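What follows is a single structure, written as structure tokens, with notes after it.
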Amino acid sequence: MTLTPWFSVTLASIGISIVIAILRASLGPTAFDRVLAVNTIGTLVVLSICVYGFFDGRPEFLDIAVLYALINFIGTIAILKFFRHGTLGDHLPPEDTHNG
Amino acid sequence: MVDDVLMLVDIARQIIGVGALLLGSLAILLGAIGLLRLGDVYQRMHGAGIVDTGGAGLVLLGLLLLSPDWTVAVRIVLIGGLLIMTSPTATHAIARAARFSGVEPILSTDSKDKEG
């Protein structure tokens, strides 16, 4: 029994969800909707890399998925910090530094 | 005898793994539809939370049950732990930034007026 069709079903639903999240990221009225949609797209990309590794019989793709999970989190926090302070934290005024 | 039991365990593992994958796909689709259709940022975080916990957790559980090797299983557990730790933190940071920058949540009376 081969499991490839089930992996392709999961990949298809992840792809449809990524398209829906891209719609929300382009529609989103505030910047936070866009950041939320981009964060969700990152999670879905991590999952699709994992499932594609199984689909293709090459589980080495999971190492790439670990890196994407880390980069996704750091990118979200950096974008939010940039919205809030206007910088990435190198020239903060002293009274704002505790609100990071 | 022992071989039969081992084969049954293997078949059960594959069935549960595929079931978890399909349930995870359903949760991901529902979360994405919620992300598209709900009212404001704070409600859309609910849809994103379904994708991050239910969808990712079930898909990674299915892959963990279907993994051919223990090194693959270790990497899947690592990815799951990273997602469990980072995605609530990111959602909390988004909610906090939205609240402090003055985005008002839709309260129940507002949504009843808008929907009805």
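By convention in this document, the chains of the structure tokens carry letters A, B, ... by their order, each chain's residues are numbered from 1, and ligands are numbered from 1 in the order they are shown.
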
I'd like a table as a Markdown table: residues in chain B with an atom no more than 9 Å from chain A, each row giving the shortest atom pair and its distance in Å to one decimal, only C-alpha atoms counted, sorted by chain and rising residue number.
```
| residue | atom | partner | partner_atom | distance |
| --- | --- | --- | --- | --- |
| B:Gln14 | CA | A:Leu3 | CA | 8.7 |
| B:Val18 | CA | A:Trp6 | CA | 6.8 |
| B:Leu21 | CA | A:Thr10 | CA | 6.7 |
| B:Leu22 | CA | A:Thr10 | CA | 6.6 |
| B:Gly24 | CA | A:Thr10 | CA | 8.1 |
| B:Ser25 | CA | A:Thr10 | CA | 5.5 |
| B:Leu26 | CA | A:Ser13 | CA | 7.7 |
| B:Ile28 | CA | A:Ser17 | CA | 6.8 |
| B:Leu29 | CA | A:Ser17 | CA | 5.7 |
| B:Leu30 | CA | A:Ser17 | CA | 8.7 |
| B:Gly31 | CA | A:Ser17 | CA | 8.3 |
| B:Ala32 | CA | A:Ser17 | CA | 5.3 |
| B:Ile33 | CA | A:Ile20 | CA | 7.1 |
| B:Leu35 | CA | A:Ala21 | CA | 7.0 |
| B:Leu36 | CA | A:Arg24 | CA | 5.5 |
| B:Arg37 | CA | A:Arg24 | CA | 8.8 |
| B:Asp40 | CA | A:Asp33 | CA | 8.2 |
| B:Val41 | CA | A:Asp33 | CA | 5.8 |
| B:Arg44 | CA | A:Asp33 | CA | 7.8 |
| B:Met45 | CA | A:Leu36 | CA | 7.2 |
| B:Ala48 | CA | A:Thr40 | CA | 6.1 |
| B:Gly49 | CA | A:Thr40 | CA | 8.7 |
| B:Val51 | CA | A:Thr40 | CA | 7.2 |
| B:Asp52 | CA | A:Thr43 | CA | 6.8 |
| B:Ala56 | CA | A:Leu47 | CA | 6.7 |
| B:Val59 | CA | A:Leu47 | CA | 7.5 |
| B:Leu60 | CA | A:Leu47 | CA | 7.7 |
| B:Leu63 | CA | A:Val51 | CA | 7.4 |
| B:Leu66 | CA | A:Phe54 | CA | 8.8 |
| B:Ser67 | CA | A:Phe54 | CA | 8.1 |
| B:Val72 | CA | A:Pro59 | CA | 6.6 |
| B:Arg75 | CA | A:Leu62 | CA | 6.5 |
| B:Ile76 | CA | A:Leu62 | CA | 7.2 |
| B:Leu78 | CA | A:Val66 | CA | 7.5 |
| B:Ile79 | CA | A:Val66 | CA | 5.6 |
| B:Leu82 | CA | A:Ala69 | CA | 6.9 |
| B:Leu83 | CA | A:Ala69 | CA | 6.9 |
| B:Thr86 | CA | A:Phe73 | CA | 6.2 |
| B:Ser87 | CA | A:Phe73 | CA | 7.3 |
| B:Thr89 | CA | A:Phe73 | CA | 8.6 |
| B:Ala90 | CA | A:Phe73 | CA | 6.7 |
| B:Thr91 | CA | A:Leu36 | CA | 7.5 |
| B:Ala93 | CA | A:Ile77 | CA | 7.3 |
| B:Ile94 | CA | A:Phe32 | CA | 6.6 |
| B:Ala95 | CA | A:Phe32 | CA | 8.3 |
| B:Ala97 | CA | A:Leu80 | CA | 6.9 |
| B:Ala98 | CA | A:Phe32 | CA | 6.4 |
| B:Phe100 | CA | A:Arg84 | CA | 8.9 |
| B:Ser101 | CA | A:Arg84 | CA | 7.9 |
| B:Val103 | CA | A:Thr30 | CA | 8.5 |
```

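Distance-wise, atom CA of A:Ile64 and atom CA of A:Val45 end up 10.7 Å apart.
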
Checklist entry - What does the distance between atom CA of B:Ile15 and atom CA of B:Gly62 come to in Å, to one decimal place? => result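 Taking atom CA of B:Ile15 as the start and atom CA of B:Gly62 as the end point, the length is 9.4 Å.
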
Next on the checklist: Could you go through chain B and tell me which residues DSSP, when run on the backbone, assigns to alpha helix (DSSP H), listing them as a ChimeraX atom specification?
Outcome noted: /B:2-37,41-50,56-65,70-100,108-115

Checklist entry - Which distance in Å separates atom CA of B:Ile84 and atom CA of B:Leu107, to one decimal? => result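 Value for the atom CA of B:Ile84-atom CA of B:Leu107 distance: 29.1 Å.
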